[in-house]
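Visitor: I'm passing along upload_37.txt; it holds compact mmCIF, C-alpha atoms.
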# COMPACT_ATOMS: atom_id res chain seq x y z
CA MET H 1 226.79 -121.37 -121.49
CA ASN H 2 224.87 -121.39 -124.76
CA ARG H 3 223.69 -118.27 -126.57
CA VAL H 4 220.03 -118.59 -125.62
CA GLU H 5 220.90 -118.74 -121.92
CA GLN H 6 223.32 -115.83 -122.26
CA MET H 7 220.58 -113.79 -123.93
CA ARG H 8 218.08 -114.84 -121.27
CA GLU H 9 220.45 -113.56 -118.57
CA HIS H 10 220.70 -110.16 -120.29
CA ILE H 11 216.92 -109.95 -120.70
CA ASN H 12 216.26 -111.02 -117.11
CA VAL H 13 218.53 -108.22 -115.86
CA MET H 14 216.58 -105.71 -117.95
CA LEU H 15 213.18 -107.02 -116.81
CA ALA H 16 214.21 -107.22 -113.15
CA THR H 17 214.52 -103.44 -113.05
CA LYS H 18 210.93 -102.84 -114.20
CA LYS H 19 209.05 -100.69 -111.73
CA ASP H 20 205.51 -101.90 -112.39
CA ALA H 21 205.04 -105.43 -111.00
CA GLU H 22 202.11 -106.29 -113.31
CA ASP H 23 203.96 -105.08 -116.40
CA LYS H 24 206.99 -107.12 -115.29
CA ARG H 25 204.81 -110.24 -114.98
CA VAL H 26 203.25 -109.64 -118.39
CA ALA H 27 206.67 -109.02 -119.95
CA TYR H 28 208.08 -112.32 -118.68
CA LEU H 29 204.97 -114.25 -119.72
CA HIS H 30 204.75 -112.69 -123.16
CA LEU H 31 208.43 -112.66 -124.16
CA TYR H 32 209.13 -116.18 -122.95
CA GLY H 33 205.72 -117.44 -124.09
CA VAL H 34 206.43 -116.20 -127.60
CA ALA H 35 209.95 -117.69 -127.44
CA PHE H 36 208.46 -121.08 -126.48
CA ALA H 37 205.92 -120.85 -129.32
CA CYS H 38 208.77 -119.88 -131.69
CA ALA H 39 210.63 -123.06 -130.70
CA LEU H 40 207.56 -125.21 -131.29
CA ILE H 41 206.77 -123.68 -134.67
CA ALA H 42 210.41 -123.70 -135.82
CA LYS H 43 210.73 -127.39 -134.91
CA LYS H 44 207.52 -128.19 -136.80
CA ARG H 45 208.74 -126.27 -139.86
CA LYS H 46 212.31 -127.61 -139.59
CA ALA H 47 213.72 -124.10 -139.22
CA ASN H 48 216.47 -122.67 -137.01
CA VAL H 49 215.05 -123.11 -133.51
CA GLU H 50 217.80 -121.17 -131.75
CA LEU H 51 217.31 -118.02 -133.86
CA ALA H 52 213.55 -118.32 -133.55
CA VAL H 53 213.78 -118.47 -129.75
CA MET H 54 216.11 -115.46 -129.71
CA ALA H 55 213.70 -113.45 -131.87
CA GLY H 56 210.82 -114.41 -129.60
CA MET H 57 212.65 -113.36 -126.45
CA LEU H 58 213.57 -109.98 -127.93
CA HIS H 59 210.55 -109.07 -130.05
CA ASP H 60 208.73 -106.75 -127.58
CA LEU H 61 211.56 -105.96 -125.16
CA TYR H 62 211.73 -102.39 -126.48
CA SER H 63 208.07 -101.77 -125.55
CA TYR H 64 208.48 -103.02 -122.00
CA LYS H 65 211.61 -100.91 -121.51
CA LYS H 66 210.09 -97.73 -122.98
CA LYS H 67 206.86 -98.01 -120.96
CA ASP H 68 208.97 -97.80 -117.79
CA GLU H 69 210.80 -94.75 -119.13
CA VAL H 70 207.51 -92.85 -119.52
CA ASN H 71 206.16 -94.22 -116.22
CA HIS H 72 203.23 -95.86 -118.02
CA ASP H 73 201.84 -92.39 -118.85
CA PRO H 74 198.53 -93.15 -120.64
CA LYS H 75 199.22 -90.29 -123.04
CA LYS H 76 202.68 -91.56 -124.05
CA VAL H 77 202.25 -95.36 -124.13
CA PRO H 78 200.09 -95.47 -127.30
CA ALA H 79 202.82 -93.68 -129.26
CA ILE H 80 205.38 -96.24 -128.06
CA LEU H 81 203.16 -99.15 -129.04
CA ALA H 82 202.23 -97.67 -132.43
CA ASN H 83 205.79 -98.05 -133.76
CA HIS H 84 207.05 -100.73 -131.39
CA ALA H 85 208.00 -103.23 -134.11
CA LYS H 86 210.10 -100.80 -136.10
CA ASP H 87 211.64 -99.11 -133.05
CA GLY H 88 212.10 -102.52 -131.45
CA ALA H 89 214.14 -103.71 -134.43
CA VAL H 90 216.52 -100.76 -134.04
CA PHE H 91 216.77 -101.32 -130.28
CA THR H 92 217.38 -105.05 -130.79
CA ARG H 93 220.18 -104.38 -133.27
CA GLU H 94 221.88 -102.17 -130.67
CA LEU H 95 221.54 -104.89 -128.02
CA LEU H 96 222.79 -107.67 -130.28
CA ASN H 97 225.77 -105.58 -131.37
CA GLU H 98 226.59 -104.90 -127.73
CA TRP H 99 226.11 -108.50 -126.56
CA GLN H 100 227.99 -110.00 -129.55
CA LEU H 101 226.00 -113.24 -129.44
CA THR H 102 225.00 -113.33 -133.10
CA THR H 103 226.66 -113.03 -136.47
CA PRO H 104 225.79 -110.00 -138.62
CA GLU H 105 223.53 -112.23 -140.76
CA GLU H 106 221.74 -113.59 -137.68
CA THR H 107 221.34 -110.07 -136.30
CA ASP H 108 219.80 -108.97 -139.61
CA ALA H 109 217.39 -111.92 -139.63
CA ILE H 110 216.27 -111.37 -136.03
CA CYS H 111 215.86 -107.62 -136.51
CA THR H 112 213.91 -108.08 -139.74
CA ALA H 113 211.58 -110.54 -138.02
CA ILE H 114 211.01 -108.08 -135.17
CA TYR H 115 210.44 -105.24 -137.66
CA ASN H 116 207.71 -107.27 -139.41
CA HIS H 117 206.11 -109.06 -136.45
CA SER H 118 203.12 -106.74 -136.09
CA ASP H 119 201.96 -107.28 -139.68
CA LYS H 120 199.60 -110.23 -139.28
CA HIS H 121 198.44 -110.11 -142.92
CA GLY H 122 201.67 -110.04 -144.93
CA LYS H 123 203.85 -112.88 -146.20
CA PHE H 124 207.47 -112.74 -145.13
CA ALA H 125 210.70 -114.71 -144.76
CA GLU H 126 210.70 -117.92 -142.72
CA LEU H 127 211.91 -116.44 -139.41
CA ASP H 128 209.51 -113.49 -139.72
CA GLU H 129 206.59 -115.88 -140.25
CA ILE H 130 207.61 -117.97 -137.25
CA LEU H 131 207.74 -114.91 -135.00
CA ILE H 132 204.43 -113.51 -136.28
CA ASP H 133 202.73 -116.88 -135.78
CA ALA H 134 204.26 -117.35 -132.32
CA ASP H 135 203.06 -113.89 -131.28
CA VAL H 136 199.56 -114.81 -132.47
CA LEU H 137 199.65 -118.12 -130.59
CA GLN H 138 200.70 -116.46 -127.36
CA HIS H 139 198.00 -113.81 -127.69
CA CYS H 140 195.30 -116.36 -128.50
CA LEU H 141 196.27 -119.09 -126.02
CA TYR H 142 197.32 -116.93 -123.05
CA ASN H 143 193.73 -117.14 -121.84
CA PRO H 144 191.45 -119.41 -123.92
CA ALA H 145 188.39 -117.61 -122.52
CA PHE H 146 189.38 -114.41 -124.35
CA PRO H 147 188.10 -114.04 -127.90
CA VAL H 148 190.58 -114.22 -130.77
CA ALA H 149 191.29 -110.71 -132.09
CA LYS H 150 189.89 -110.13 -135.58
CA HIS H 151 193.29 -109.20 -137.02
CA GLU H 152 194.75 -112.50 -135.73
CA GLU H 153 191.85 -114.82 -136.51
CA SER H 154 193.02 -116.00 -139.95
CA ARG H 155 196.58 -116.76 -138.79
CA PHE H 156 195.35 -118.44 -135.63
CA ASN H 157 193.00 -120.71 -137.60
CA LYS H 158 195.79 -121.62 -140.06
CA LEU H 159 198.11 -122.43 -137.15
CA MET H 160 195.51 -124.66 -135.53
CA GLN H 161 195.09 -126.45 -138.85
CA GLU H 162 198.89 -126.77 -139.26
CA PHE H 163 199.10 -128.42 -135.85
CA GLY H 164 196.00 -130.57 -136.38
CA ILE H 165 194.05 -128.84 -133.61
CA GLU H 166 190.42 -127.84 -133.82
CA SER H 167 190.15 -124.05 -133.83
CA ARG H 168 188.00 -122.28 -131.30
CA GLY H 169 187.06 -119.62 -133.87
Now, as a test, write the supplied structure out as structure tokens.
Guide:
Amino acid sequence: MNRVEQMREHINVMLATKKDAEDKRVAYLHLYGVAFACALIAKKRKANVELAVMAGMLHDLYSYKKKDEVNHDPKKVPAILANHAKDGAVFTRELLNEWQLTTPEETDAICTAIYNHSDKHGKFAELDEILIDADVLQHCLYNPAFPVAKHEESRFNKLMQEFGIESRG
């Protein structure tokens, strides 16, 4: 079995234990939606598709796990989300070390991408940029009737241009 499928098995086990059915649905859609977008963007940019998919699958796993731990307490969830990229990078490093699916260099690259993925305005390394852009695509295309968030508008428009697609604004 290849590394992506091995990782998917680990993630599926973690998500299967989620208590809140709606959060479980959103977690599957978002994590695997971002992973799919990572694959598409990495292929377009001739980057490492496998690492991009892995980063996409893992990028918000920490948030979904922690929300269950606090039982979706409205007072505690904002604190989890505020630092989810940085805390998620630490959590991901622990998982990758435990699962032993990546080299130390690959682990560093994935964790750095996760650490930076919430910064939609910076300029980062190739894998970081792929993950940030994939996260934006999933947010913006999940439901085309929703408006594009202001902080994602510039990246979304650049992505649409990169793919030769008319932006919806």
Visitor: Residues near stretch 136-152 of chain H, anyone? I mean within 7 Å using all atoms listed in the file, not counting same-chain ones fewer than 5 positions away, as a list in words.
Guide: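 Here the qualifying residues turn out to be His30, Gly33, Val34, Ala37 and Lys120 of chain H.
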Visitor: Which residues, written as a list in words, have at least one atom at most 12 Å from H:Lys123, with only C-alpha atoms counted and residues fewer than 6 positions away on the same chain left out?
Guide: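 Final neighbour list, sorted by chain and number: Ala113, Asn116, His117, Glu129, Ile130, Ile132, Asp133 and Arg155 of chain H.
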Visitor: Could you check which of H:Thr107, H:Asp60, H:Lys75, H:Ala52 is closest to H:Leu40, using all atoms listed in the file?
Guide: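 Using all atoms listed in the file, the shortest distance to H:Leu40 belongs to H:Ala52.
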Visitor: Hey, which of H:Ala79, H:His121, H:Leu101, H:Val90 ends up closest to H:Met7? Count all atoms listed in the file.
Guide: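 Smallest separation from H:Met7 among the options: H:Leu101.
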Visitor: Can you tell me how far atom CA of H:Ala42 sits from atom CA of H:His84, in Å to one decimal?
Guide: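 Computing it gives 23.6 Å between the two atoms.
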Visitor: Check the smallest atom-to-atom distance from each of H:Pro74, H:Pro104, H:Gly164, H:Cys111 to H:Phe91 using all atoms listed in the file, then report the winner.
Guide: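 For H:Phe91, the nearest of the candidates is H:Cys111.
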Visitor: Work out how far atom CA of H:Met54 is from atom CA of H:Leu159, in Å to one decimal.
Guide: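 Answer for the atom CA of H:Leu159 to atom CA of H:Met54 separation: 20.7 Å.
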Visitor: What gap, in Å, lies between atom CA of H:Glu50 and atom CA of H:Arg3?
Guide: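 Between these atoms lies a distance of 8.4 Å.
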